[in-house]
Amino acid sequence: MASVIPIIFILAVVLGLIACGYLFVPKGPHQTTIRTAIMLTFASCYLMWMVTYMAQLHPLISKS
């Protein structure tokens, strides 16, 4: 259970950053492109972090 807490906490932080990125992008001709880039960047970084974190918690090859 302790390994789930950091994942949920970081997910909440990333979702907050995505919301801020969505809400605070200034209006302009490229607003949708900038919003999409910000949201995809945060989502990709979170997924990479989560995969790395989970791989450290549950390795495929255990040294016994």
# chains A, B, ... in the order shown; residues from 1 in each chain; ligands from 1
call {"tool": "residues_around", "arguments": {"residues": "segment 11-21 of chain A", "least_positions_apart": "6", "cutoff": "10 Å", "atoms": "only C-alpha atoms", "output": "PDB file with C-alpha atoms, in the first residue's frame"}}
result
ATOM      1  CA  ILE A   5       0.836   6.861  -2.186  1.00  0.00           C
ATOM      2  CA  ILE A  34       0.397  25.427 -26.787  1.00  0.00           C
ATOM      3  CA  ARG A  35      -2.216  23.843 -24.509  1.00  0.00           C
ATOM      4  CA  THR A  36      -1.834  20.500 -26.235  1.00  0.00           C
ATOM      5  CA  ALA A  37       1.955  20.638 -26.024  1.00  0.00           C
ATOM      6  CA  ILE A  38       1.879  21.473 -22.312  1.00  0.00           C
ATOM      7  CA  MET A  39      -0.615  18.732 -21.493  1.00  0.00           C
ATOM      8  CA  LEU A  40       1.213  16.098 -23.550  1.00  0.00           C
ATOM      9  CA  THR A  41       4.543  17.068 -21.992  1.00  0.00           C
ATOM     10  CA  PHE A  42       3.257  16.678 -18.440  1.00  0.00           C
ATOM     11  CA  ALA A  43       1.439  13.436 -19.256  1.00  0.00           C
ATOM     12  CA  CYS A  45       6.794  12.933 -18.073  1.00  0.00           C
ATOM     13  CA  TYR A  46       4.382  11.409 -15.555  1.00  0.00           C
ATOM     14  CA  LEU A  47       4.134   8.152 -17.502  1.00  0.00           C
ATOM     15  CA  MET A  50       5.637   6.037 -13.176  1.00  0.00           C
TER      16      MET A  50
END
call {"tool": "atom_distance", "arguments": {"atom1": "atom CA of Val4 of chain A", "atom2": "atom CA of Thr52 of chain A"}}
result
13.9 Å
